[in-house]
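Text of query06.txt, listed as compact mmCIF, C-alpha atoms and all ligand atoms:
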```txt
# COMPACT_ATOMS: atom_id res chain seq x y z
CA MET A 1 18.22 -16.01 -17.22
CA ALA A 2 16.30 -13.72 -14.87
CA GLU A 3 16.02 -9.97 -15.55
CA SER A 4 19.30 -8.07 -15.03
CA ARG A 5 19.48 -5.25 -12.45
CA PRO A 6 22.31 -2.96 -11.41
CA SER A 7 24.50 -4.26 -8.60
CA THR A 8 24.21 -2.63 -5.20
CA SER A 9 27.52 -4.17 -4.05
CA PRO A 10 29.39 -1.31 -2.43
CA ARG A 11 33.06 -2.17 -3.04
CA ALA A 12 35.28 -3.13 -5.94
CA PHE A 13 36.52 -6.71 -6.13
CA GLN A 14 39.66 -7.39 -4.13
CA THR A 15 41.43 -10.65 -3.44
CA GLY A 16 44.66 -12.01 -2.08
CA ASP A 17 44.27 -15.01 -4.42
CA PRO A 18 45.69 -14.19 -7.89
CA GLY A 19 43.95 -17.30 -9.27
CA LEU A 20 40.60 -15.57 -8.74
CA GLU A 21 41.47 -12.46 -10.80
CA PRO A 22 40.69 -13.90 -14.26
CA ILE A 23 37.55 -15.56 -12.89
CA ALA A 24 36.43 -12.22 -11.46
CA ALA A 25 36.99 -10.57 -14.86
CA ARG A 26 34.76 -13.19 -16.49
CA VAL A 27 32.07 -12.84 -13.82
CA MET A 28 32.02 -9.04 -14.14
CA ALA A 29 31.75 -9.38 -17.95
CA GLY A 30 28.85 -11.82 -17.55
CA GLU A 31 30.83 -14.63 -19.19
CA ARG A 32 30.37 -18.32 -18.48
CA LEU A 33 32.80 -20.04 -16.10
CA SER A 34 34.57 -23.31 -16.93
CA ALA A 35 35.03 -26.55 -14.97
CA ASP A 36 38.54 -25.41 -14.15
CA ASP A 37 37.18 -22.10 -12.79
CA GLY A 38 34.79 -24.13 -10.65
CA LEU A 39 37.66 -26.12 -9.13
CA LYS A 40 39.56 -22.91 -8.39
CA LEU A 41 36.50 -21.46 -6.65
CA TYR A 42 36.17 -24.58 -4.48
CA ARG A 43 39.89 -24.51 -3.64
CA SER A 44 40.54 -20.79 -3.16
CA ARG A 45 41.54 -19.80 0.37
CA ASP A 46 39.77 -16.46 -0.16
CA VAL A 47 36.21 -17.55 0.49
CA LEU A 48 35.12 -13.96 1.09
CA ALA A 49 36.23 -13.02 -2.43
CA VAL A 50 34.34 -16.02 -3.84
CA GLY A 51 31.32 -14.84 -1.85
CA TRP A 52 31.72 -11.26 -3.09
CA LEU A 53 31.56 -12.46 -6.68
CA ALA A 54 28.52 -14.63 -6.01
CA ASN A 55 26.82 -11.75 -4.24
CA HIS A 56 27.55 -9.52 -7.22
CA VAL A 57 25.78 -11.99 -9.54
CA ARG A 58 22.92 -12.40 -7.07
CA GLU A 59 22.38 -8.65 -6.88
CA ARG A 60 22.69 -8.29 -10.67
CA LEU A 61 19.81 -10.76 -10.99
CA HIS A 62 17.61 -9.91 -8.02
CA GLY A 63 18.84 -6.73 -6.32
CA ASP A 64 17.96 -7.06 -2.64
CA VAL A 65 14.87 -9.18 -3.17
CA THR A 66 14.84 -12.42 -1.20
CA TYR A 67 12.08 -14.93 -1.76
CA PHE A 68 10.30 -17.25 0.63
CA ASN A 69 7.04 -19.17 0.50
CA VAL A 70 4.44 -20.61 2.82
CA ASN A 71 4.51 -24.33 2.28
CA ARG A 72 3.77 -27.64 3.91
CA HIS A 73 5.65 -30.90 3.49
CA ILE A 74 3.75 -34.14 3.16
CA ASN A 75 5.68 -37.44 3.20
CA PRO A 76 3.00 -40.08 2.51
CA THR A 77 5.28 -43.04 3.30
CA ASN A 78 8.80 -43.76 4.49
CA VAL A 79 8.67 -47.38 3.32
CA CYS A 80 11.25 -47.74 0.60
CA VAL A 81 12.65 -50.55 -1.55
CA ALA A 82 15.96 -48.69 -1.71
CA ALA A 83 18.45 -48.77 1.13
CA CYS A 84 20.53 -45.71 0.38
CA LYS A 85 23.46 -45.11 2.70
CA LEU A 86 22.74 -41.38 2.63
CA CYS A 87 19.27 -41.78 4.09
CA ALA A 88 17.91 -41.96 7.65
CA PHE A 89 14.29 -41.60 6.55
CA GLY A 90 13.52 -44.82 4.64
CA ARG A 91 12.38 -48.09 6.26
CA LYS A 92 12.01 -51.53 4.78
CA LYS A 93 8.46 -52.88 4.58
CA GLY A 94 7.55 -54.40 7.98
CA ASP A 95 10.41 -52.68 9.84
CA ALA A 96 9.80 -50.81 13.07
CA GLY A 97 9.17 -47.11 12.44
CA GLY A 98 7.81 -47.65 8.93
CA TYR A 99 4.57 -45.82 8.12
CA THR A 100 2.23 -45.36 5.19
CA MET A 101 -0.56 -42.83 5.37
CA ALA A 102 -4.06 -43.76 4.30
CA LEU A 103 -5.42 -41.24 1.80
CA GLU A 104 -7.70 -39.60 4.41
CA GLU A 105 -4.71 -39.29 6.73
CA ALA A 106 -2.61 -37.59 4.05
CA TRP A 107 -5.44 -35.16 3.26
CA ASP A 108 -5.88 -34.45 7.00
CA THR A 109 -2.14 -33.86 7.31
CA ALA A 110 -2.37 -31.37 4.46
CA ALA A 111 -5.20 -29.58 6.25
CA SER A 112 -3.30 -29.20 9.51
CA GLY A 113 -1.50 -25.89 9.35
CA TYR A 114 -3.71 -24.76 6.47
CA SER A 115 -4.74 -21.81 8.61
CA GLU A 116 -1.36 -20.35 7.57
CA ALA A 117 -2.87 -20.27 4.06
CA VAL A 118 -0.12 -22.35 2.48
CA THR A 119 0.44 -21.83 -1.23
CA GLU A 120 2.41 -25.05 -1.82
CA PHE A 121 2.32 -28.70 -0.82
CA HIS A 122 5.76 -30.30 -1.18
CA ILE A 123 5.19 -34.06 -1.46
CA VAL A 124 7.94 -36.69 -1.51
CA GLY A 125 8.28 -40.13 0.00
CA GLY A 126 9.87 -43.57 -0.10
CA LEU A 127 9.73 -45.97 -3.05
CA HIS A 128 6.97 -48.17 -1.65
CA PRO A 129 7.00 -51.74 -3.06
CA ASP A 130 3.21 -52.17 -3.07
CA LEU A 131 1.51 -48.79 -3.49
CA PRO A 132 0.29 -48.50 -7.09
CA LEU A 133 0.52 -45.31 -9.14
CA GLU A 134 -3.26 -44.92 -8.62
CA PHE A 135 -2.66 -44.32 -4.89
CA PHE A 136 -0.51 -41.29 -5.68
CA LEU A 137 -2.92 -40.08 -8.37
CA ASP A 138 -5.82 -40.31 -5.89
CA LEU A 139 -3.72 -38.55 -3.26
CA VAL A 140 -3.09 -35.63 -5.58
CA LYS A 141 -6.67 -35.54 -6.94
CA GLY A 142 -8.01 -35.44 -3.37
CA LEU A 143 -5.68 -32.60 -2.46
CA LYS A 144 -6.71 -30.59 -5.52
CA GLN A 145 -10.39 -31.09 -4.70
CA ARG A 146 -9.88 -29.94 -1.11
CA PHE A 147 -7.30 -27.20 -1.72
CA PRO A 148 -7.76 -26.06 -5.34
CA ARG A 149 -5.58 -22.95 -4.92
CA VAL A 150 -2.56 -24.74 -3.50
CA HIS A 151 0.27 -25.56 -5.92
CA ILE A 152 1.27 -29.23 -5.79
CA LYS A 153 5.04 -29.69 -6.10
CA ALA A 154 5.27 -33.44 -5.95
CA PHE A 155 7.53 -36.44 -6.52
CA THR A 156 11.22 -36.46 -7.34
CA MET A 157 12.55 -37.72 -10.66
CA VAL A 158 13.49 -40.91 -8.76
CA GLU A 159 9.90 -41.49 -7.63
CA ILE A 160 8.52 -40.72 -11.09
CA ALA A 161 10.87 -43.24 -12.74
CA PHE A 162 9.89 -45.78 -10.06
CA PHE A 163 6.14 -45.19 -10.57
CA ALA A 164 6.60 -45.63 -14.31
CA ARG A 165 8.48 -48.91 -13.96
CA ARG A 166 5.96 -50.35 -11.48
CA ALA A 167 2.99 -49.29 -13.64
CA ARG A 168 4.73 -50.50 -16.84
CA LEU A 169 4.24 -47.09 -18.40
CA SER A 170 6.68 -44.78 -20.12
CA ILE A 171 7.94 -41.77 -18.20
CA GLN A 172 5.84 -39.52 -20.47
CA GLU A 173 2.68 -41.54 -19.84
CA THR A 174 3.34 -41.40 -16.12
CA LEU A 175 3.94 -37.65 -16.22
CA LEU A 176 0.72 -37.16 -18.19
CA LYS A 177 -1.27 -39.05 -15.55
CA LEU A 178 0.37 -37.04 -12.79
CA ARG A 179 -0.47 -33.81 -14.59
CA GLU A 180 -4.09 -34.89 -15.12
CA ALA A 181 -4.32 -35.69 -11.40
CA GLY A 182 -3.10 -32.20 -10.47
CA VAL A 183 0.68 -32.25 -10.07
CA ASP A 184 1.92 -28.76 -10.97
CA SER A 185 5.71 -29.06 -10.71
CA MET A 186 8.45 -31.22 -9.25
CA PRO A 187 10.88 -30.76 -6.37
CA GLY A 188 14.61 -31.17 -6.92
CA GLY A 189 15.39 -34.21 -4.77
CA GLY A 190 17.05 -37.48 -5.67
CA ALA A 191 19.80 -35.91 -7.77
CA GLU A 192 22.37 -36.49 -5.00
CA ILE A 193 25.69 -36.57 -6.94
CA PHE A 194 25.61 -37.70 -10.56
CA ALA A 195 29.14 -39.23 -10.58
CA ALA A 196 28.68 -43.02 -10.83
CA ARG A 197 31.60 -43.77 -8.48
CA VAL A 198 29.93 -41.84 -5.64
CA ARG A 199 26.37 -42.78 -6.49
CA SER A 200 27.24 -46.49 -6.36
CA ILE A 201 28.22 -46.02 -2.72
CA ILE A 202 25.71 -43.54 -1.32
CA CYS A 203 22.56 -44.50 -3.26
CA ASP A 204 23.17 -47.55 -5.44
CA HIS A 205 19.46 -48.47 -5.47
CA LYS A 206 18.39 -45.25 -7.18
CA ILE A 207 18.22 -44.43 -10.89
CA ASP A 208 21.61 -43.32 -12.15
CA GLY A 209 22.56 -39.73 -12.87
CA SER A 210 21.72 -39.83 -16.57
CA GLU A 211 18.27 -41.32 -15.87
CA TRP A 212 17.62 -38.50 -13.38
CA LEU A 213 18.59 -35.96 -16.03
CA ASP A 214 16.57 -37.76 -18.74
CA THR A 215 13.47 -37.78 -16.54
CA ALA A 216 13.89 -34.07 -15.78
CA ARG A 217 14.35 -33.40 -19.52
CA LEU A 218 11.09 -35.20 -20.33
CA ALA A 219 9.23 -33.33 -17.60
CA HIS A 220 10.56 -29.97 -18.80
CA ASN A 221 9.71 -30.81 -22.40
CA MET A 222 6.12 -31.42 -21.27
CA GLY A 223 6.04 -27.95 -19.71
CA PHE A 224 6.68 -28.84 -16.07
CA LYS A 225 9.02 -26.66 -14.04
CA SER A 226 11.25 -28.41 -11.52
CA ASN A 227 14.06 -27.75 -9.08
CA ALA A 228 17.43 -29.47 -8.81
CA THR A 229 19.52 -30.42 -5.78
CA MET A 230 23.01 -31.68 -5.02
CA LEU A 231 23.89 -33.60 -1.86
CA TYR A 232 27.38 -32.58 -0.74
CA GLY A 233 29.62 -33.12 2.26
CA HIS A 234 29.97 -36.93 2.22
CA ILE A 235 32.44 -38.85 0.03
CA GLU A 236 32.35 -36.70 -3.09
CA ASN A 237 35.27 -34.52 -4.20
CA ASP A 238 35.49 -31.11 -5.87
CA GLU A 239 35.56 -32.66 -9.35
CA ASP A 240 32.31 -34.54 -8.63
CA ARG A 241 30.61 -31.33 -7.47
CA VAL A 242 31.74 -29.39 -10.53
CA ASP A 243 30.65 -32.25 -12.80
CA HIS A 244 27.21 -32.27 -11.14
CA LEU A 245 26.73 -28.52 -11.50
CA LEU A 246 27.85 -28.45 -15.14
CA LYS A 247 25.53 -31.34 -16.06
CA LEU A 248 22.63 -29.37 -14.60
CA ARG A 249 23.76 -26.22 -16.41
CA SER A 250 23.90 -28.03 -19.70
CA LEU A 251 20.39 -29.51 -19.29
CA GLN A 252 19.13 -26.06 -18.35
CA ASP A 253 20.63 -24.69 -21.60
CA GLU A 254 18.48 -27.25 -23.41
CA THR A 255 15.17 -26.97 -21.55
CA GLY A 256 15.10 -23.87 -19.33
CA GLY A 257 12.86 -25.91 -17.02
CA PHE A 258 14.79 -25.55 -13.77
CA GLN A 259 13.73 -22.78 -11.43
CA THR A 260 15.93 -23.20 -8.39
CA PHE A 261 19.09 -25.00 -7.36
CA ILE A 262 19.28 -26.22 -3.76
CA PRO A 263 22.61 -27.48 -2.39
CA LEU A 264 21.85 -29.96 0.43
CA ALA A 265 24.48 -30.60 3.12
CA PHE A 266 24.73 -34.23 4.15
CA HIS A 267 23.45 -34.98 7.69
CA PRO A 268 25.15 -38.26 8.70
CA GLU A 269 23.35 -39.05 11.98
CA HIS A 270 21.30 -42.30 11.93
CA THR A 271 22.64 -43.22 8.48
CA PRO A 272 25.18 -45.97 7.66
CA LEU A 273 27.62 -43.10 6.98
CA ASP A 274 27.38 -41.75 10.53
CA HIS A 275 31.17 -41.88 10.92
CA LEU A 276 31.44 -38.90 8.54
CA PRO A 277 31.59 -35.40 10.05
CA MET A 278 28.93 -32.75 9.37
CA THR A 279 29.80 -29.99 6.94
CA THR A 280 31.07 -26.75 8.48
CA GLY A 281 29.61 -23.28 8.03
CA LEU A 282 32.25 -22.14 5.57
CA THR A 283 31.80 -25.23 3.40
CA ASP A 284 28.08 -24.52 3.26
CA ILE A 285 28.55 -20.85 2.44
CA ARG A 286 31.15 -21.59 -0.24
CA GLN A 287 28.82 -24.19 -1.79
CA ILE A 288 26.08 -21.59 -2.11
CA ALA A 289 28.54 -19.15 -3.72
CA VAL A 290 30.05 -21.63 -6.20
CA SER A 291 26.55 -22.75 -7.20
CA ARG A 292 25.52 -19.15 -7.93
CA LEU A 293 28.66 -18.59 -10.01
CA LEU A 294 28.62 -21.81 -12.08
CA LEU A 295 24.85 -22.04 -12.61
CA ASP A 296 24.59 -18.84 -14.64
CA ASN A 297 21.34 -20.01 -16.27
CA PHE A 298 19.48 -20.91 -13.04
CA PRO A 299 17.27 -18.03 -11.92
CA HIS A 300 17.38 -18.92 -8.21
CA ILE A 301 19.72 -20.39 -5.59
CA LYS A 302 17.99 -21.56 -2.44
CA ALA A 303 19.51 -21.55 1.05
CA TYR A 304 17.30 -24.24 2.56
CA TRP A 305 17.22 -23.08 6.17
CA GLN A 306 16.01 -26.46 7.49
CA MET A 307 19.29 -27.96 6.41
CA LEU A 308 21.68 -25.02 6.84
CA THR A 309 20.14 -23.70 10.08
CA PRO A 310 18.41 -20.32 9.96
CA LYS A 311 21.65 -18.55 11.00
CA ILE A 312 23.80 -19.94 8.16
CA ALA A 313 20.93 -19.55 5.69
CA GLN A 314 20.71 -15.88 6.63
CA ILE A 315 24.44 -15.39 5.93
CA ALA A 316 24.01 -17.26 2.63
CA LEU A 317 21.75 -14.40 1.51
CA ARG A 318 24.93 -12.33 1.11
CA PHE A 319 26.87 -15.17 -0.58
CA GLY A 320 24.70 -15.83 -3.62
CA ALA A 321 21.36 -17.14 -2.34
CA ASP A 322 18.11 -15.29 -3.13
CA ASP A 323 15.61 -17.76 -1.63
CA LEU A 324 15.12 -19.26 1.85
CA ASP A 325 12.46 -21.86 0.93
CA GLY A 326 9.48 -21.63 3.20
CA THR A 327 7.68 -22.14 6.44
CA VAL A 328 8.15 -25.91 5.80
CA ILE A 329 5.63 -27.21 8.28
CA GLU A 330 6.72 -30.70 9.40
CA GLU A 331 10.04 -31.58 7.78
CA LYS A 332 10.96 -35.27 8.26
CA ILE A 333 13.90 -36.24 6.03
CA TYR A 334 16.49 -34.04 7.75
CA HIS A 335 15.07 -34.48 11.22
CA ASP A 336 15.36 -38.27 10.93
CA ALA A 337 19.03 -37.62 10.09
CA GLY A 338 19.59 -35.58 13.24
CA ALA A 339 18.76 -32.02 12.16
CA THR A 340 18.27 -29.81 15.20
CA THR A 341 16.51 -26.98 13.34
CA PRO A 342 12.86 -26.22 14.16
CA GLN A 343 10.25 -28.15 12.13
CA GLY A 344 8.80 -24.90 10.82
CA LEU A 345 9.19 -21.12 10.91
CA THR A 346 6.43 -18.55 10.70
CA ARG A 347 6.18 -15.94 7.94
CA ARG A 348 7.14 -13.31 10.50
CA GLU A 349 10.31 -15.22 11.49
CA LEU A 350 11.35 -15.67 7.86
CA CYS A 351 10.79 -11.97 7.13
CA ARG A 352 12.90 -11.01 10.14
CA LEU A 353 15.81 -13.24 9.04
CA ILE A 354 15.68 -11.67 5.58
CA SER A 355 15.29 -8.06 6.70
CA GLU A 356 18.11 -8.32 9.22
CA ALA A 357 20.36 -9.54 6.39
CA GLY A 358 19.65 -6.20 4.70
CA ARG A 359 17.40 -7.79 2.08
CA THR A 360 13.79 -7.25 1.06
CA PRO A 361 11.48 -10.19 1.81
CA VAL A 362 9.08 -11.12 -0.98
CA GLU A 363 6.60 -13.91 -0.45
CA ARG A 364 6.32 -15.95 -3.65
CA ASP A 365 4.29 -18.86 -4.89
CA THR A 366 6.08 -21.93 -6.26
CA LEU A 367 6.49 -20.32 -9.69
CA TYR A 368 7.92 -17.10 -8.19
CA HIS A 369 4.85 -14.93 -8.62
CA PRO A 370 4.64 -12.43 -5.72
CA VAL A 371 1.95 -13.25 -3.16
CA GLN A 372 -0.04 -10.59 -1.37
CA ARG A 373 -1.72 -11.46 1.92
CA THR A 374 -5.23 -10.43 2.91
CA GLU A 375 -5.97 -11.46 6.51
CA ASP A 376 -5.59 -15.28 6.41
CA SER A 377 -5.89 -15.65 2.63
CA PHE A 378 -3.62 -14.71 -0.26
CA VAL A 379 -3.65 -13.21 -3.74
CA VAL A 380 -1.06 -14.22 -6.33
CA ALA A 381 0.14 -11.52 -8.71
CA VAL A 382 0.61 -13.24 -12.09
O1 LIG A 401 16.80 -36.24 -2.30
C1 LIG A 401 18.19 -37.43 2.26
C2 LIG A 401 18.37 -35.40 0.76
C3 LIG A 401 16.55 -34.77 -0.41
C4 LIG A 401 19.65 -36.91 3.75
O2 LIG A 401 12.80 -28.79 -4.55
C5 LIG A 401 19.54 -35.88 2.82
O3 LIG A 401 12.22 -27.08 -3.36
C6 LIG A 401 21.12 -34.70 3.96
O4 LIG A 401 15.11 -32.59 -2.26
N1 LIG A 401 21.29 -35.68 4.87
C7 LIG A 401 15.08 -34.42 -0.24
N2 LIG A 401 20.27 -34.79 2.92
C8 LIG A 401 14.91 -32.92 0.05
C9 LIG A 401 14.82 -32.13 -1.20
C10 LIG A 401 14.35 -30.72 -1.14
C11 LIG A 401 14.39 -30.00 0.03
C12 LIG A 401 13.92 -28.70 0.04
C13 LIG A 401 13.40 -28.10 -1.07
C14 LIG A 401 13.36 -28.83 -2.25
C15 LIG A 401 12.76 -28.21 -3.47
C16 LIG A 401 13.84 -30.14 -2.31
O5 LIG A 401 17.12 -34.75 0.86
C17 LIG A 401 16.91 -36.12 -0.93
C18 LIG A 401 18.36 -36.22 -0.51
O6 LIG A 401 19.18 -35.58 -1.43
N3 LIG A 401 18.65 -36.22 1.93
N4 LIG A 401 18.79 -37.86 3.39
C19 LIG A 401 20.57 -36.78 4.81
N5 LIG A 401 20.76 -37.75 5.69
```

Could you quickly redo this structure as structure tokens?
Amino acid sequence: MAESRPSTSPRAFQTGDPGLEPIAARVMAGERLSADDGLKLYRSRDVLAVGWLANHVRERLHGDVTYFNVNRHINPTNVCVAACKLCAFGRKKGDAGGYTMALEEAWDTAASGYSEAVTEFHIVGGLHPDLPLEFFLDLVKGLKQRFPRVHIKAFTMVEIAFFARRARLSIQETLLKLREAGVDSMPGGGAEIFAARVRSIICDHKIDGSEWLDTARLAHNMGFKSNATMLYGHIENDEDRVDHLLKLRSLQDETGGFQTFIPLAFHPEHTPLDHLPMTTGLTDIRQIAVSRLLLDNFPHIKAYWQMLTPKIAQIALRFGADDLDGTVIEEKIYHDAGATTPQGLTRRELCRLISEAGRTPVERDTLYHPVQRTEDSFVVAV
């Protein structure tokens, strides 16, 4: 757990929901919450009280500090053997709109926007039927040669398991090759919802929940840090969400390898599930708060502004979140699914969102070391 600091929350806990009282007592005593507590938090009508508790924990861990980073997304291909109902990004090989970058193109994409002195490349893509592991190794090696100071956060557990199967290697062998090429850590995607009943409908072509967790365990045991996500707001129920969060908490007890949890709201547009409604603001805010409260061993909860909108993400900073993600130059996955947020924000815009929420902006690198800027370059305080 991250370093403990005194809370700056101004008021004592108050609620009109008696079911929250014993949960509040446990939160204030720093005790772990149960699955049943999680269900009560999801179902309480007093969302402000749930948020107060999450904010209390957030301030105990981080005070007013709110993190952001300067990053660039690179999606080398959208061609994918899977046909997940949750996804508007993937295309079958040969379909209109499918693309695969040549290596030079991917490196050029990385360079565009580099004037912002990015500290992280976030690389994820489709499960391409023909690209060998060597393509991805060369991609990463080329990036490291060109941008040696930039942290490479690349490939979800789903992609890593797919690379391994295609290359007929074990997951460990695959991870070793990725590390040798220059991968520094992994993003949290592909976790979706672990419950098999839901997974079989929204992403039946992906590895199952236990394989995702096993792959993360192996990566952590090799010293990699990673993030974790949960896709909510589709056909899952409260029990599925609690189950997902507690499975992550239990793996984190084992490995300590997760840095940040990112709840991702489902965007239905242009997906086979486009009859479903979008999540509402209060659902998003409550999800941030419940995540902060149940995931007591995760240092950070991220309000991913690209998905939440900058306005909701800003409010989330008082409901448990301590991180806004980054400048995110060129986001594709959400924009293919109808997101209307901008494709990037500047450092100045992120700092303004954070400051106006009464928080202190701290630029971080991927591993949460503070970054100091000098003109158009940066220094990382380790
Ligand atoms: O795994 C796909 C989700 C994820 C849709 O680790 C969708 O720092 C909503 O994981 N509606 C990729 N969600 C994004 C991701 C991520 C984002 C930001 C930061 C980090 C990090 C990781 O996006 C996928 C899937 O869960 N997704 N399609 C959709 N239509």

Shell of 6 Å around ligand LIG 401 (chain A) (all atoms listed in the file), written as a ChimeraX atom specification: /A:86-88,187-190,192,227,231,264-268,333-334,337

When distances are computed from only C-alpha atoms, which of A:Thr309, A:Ser210, A:Thr156, A:Asn297 shows the smallest separation from Thr229 in chain A?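 Closest residue, counting only C-alpha atoms: A:Thr156.
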
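Residues lying at most 10 Å from (24.8, -17.6, 6.6) in file coordinates, with only C-alpha atoms considered, are Gly281, Leu282, Asp284, Ile285, Ile288, Ala303, Trp305, Leu308, Thr309, Pro310, Lys311, Ile312, Ala313, Gln314, Ile315, Ala316, Leu317, Arg318, Phe319, Ala321 and Ala357 of chain A.
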
Between CA of Arg286 in chain A and CA of Ser34 in chain A - distance in Å to one decimal: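 A separation of 17.1 Å between them.
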
What is the distance, in Å and to one decimal place, between CA of Asp214 in chain A and CA of His244 in chain A? 14.2 Å

6 Å contact set for Tyr67 in chain A, all atoms listed in the file, chain neighbours under 2 positions out, as a PyMOL selection string: chain A and resi 323+361-363

Which polymer residues, protein or nucleic acid, are no farther than 12 Å from (39.1, -17.9, -3.8), counting only C-alpha atoms, as a ChimeraX atom specification? /A:13-24,37-54,286,289-290

6 Å contact set for Cys80 in chain A, all atoms listed in the file, chain neighbours under 4 positions out, as a PDB file with C-alpha atoms, keeping the file's coordinate frame:
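Saved file out_14.pdb follows:
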```pdb
ATOM      1  CA  GLY A  90      13.520 -44.820   4.640  1.00  0.00           C
ATOM      2  CA  ARG A  91      12.380 -48.090   6.260  1.00  0.00           C
ATOM      3  CA  LYS A  92      12.010 -51.530   4.780  1.00  0.00           C
ATOM      4  CA  GLY A 126       9.870 -43.570  -0.100  1.00  0.00           C
ATOM      5  CA  LEU A 127       9.730 -45.970  -3.050  1.00  0.00           C
ATOM      6  CA  HIS A 128       6.970 -48.170  -1.650  1.00  0.00           C
TER       7      HIS A 128
END
```

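Within 8 Å of range 98-104 of chain A, once all atoms listed in the file are used and residues closer than 6 positions along the same chain are dropped, the contacting residues are Pro76, Thr77, Asn78, Val79, Gly90, Arg91, Lys92, Phe135, Asp138 and Leu139 of chain A.
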
Only C-alpha atoms, please: the residues just picked out, written as an mmCIF file, in the frame of the given file.
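Final output, saved to out.cif:
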```cif
data_model
loop_
_atom_site.group_PDB
_atom_site.id
_atom_site.type_symbol
_atom_site.label_atom_id
_atom_site.label_comp_id
_atom_site.auth_asym_id
_atom_site.auth_seq_id
_atom_site.Cartn_x
_atom_site.Cartn_y
_atom_site.Cartn_z
ATOM 1 C CA PRO A 76 3.000 -40.080 2.510
ATOM 2 C CA THR A 77 5.280 -43.040 3.300
ATOM 3 C CA ASN A 78 8.800 -43.760 4.490
ATOM 4 C CA VAL A 79 8.670 -47.380 3.320
ATOM 5 C CA GLY A 90 13.520 -44.820 4.640
ATOM 6 C CA ARG A 91 12.380 -48.090 6.260
ATOM 7 C CA LYS A 92 12.010 -51.530 4.780
ATOM 8 C CA PHE A 135 -2.660 -44.320 -4.890
ATOM 9 C CA ASP A 138 -5.820 -40.310 -5.890
ATOM 10 C CA LEU A 139 -3.720 -38.550 -3.260
#
```

Figure out the distance between CA of His73 in chain A and CA of His205 in chain A, please, to one decimal in Å. 24.1 Å

Point out the residue among A:Phe147, A:Leu131, A:Ala191, A:Pro342 with the least atom-to-atom distance to Ala167 in chain A, counting only C-alpha atoms. A:Leu131

For Leu367 in chain A, please output as a VMD selection string all residues within 12 Å (counting only C-alpha atoms; exclusion window: fewer than 5 positions along the same chain). chain A and resid 67 to 69 119 to 120 150 to 153 184 to 187 224 to 227 257 to 260 299 to 300 380 to 382

A:Ile329, A:Ala154, A:Ala181, A:Ala228 ranked by distance to Lys302 in chain A, top pick (using all atoms listed in the file): A:Ala228
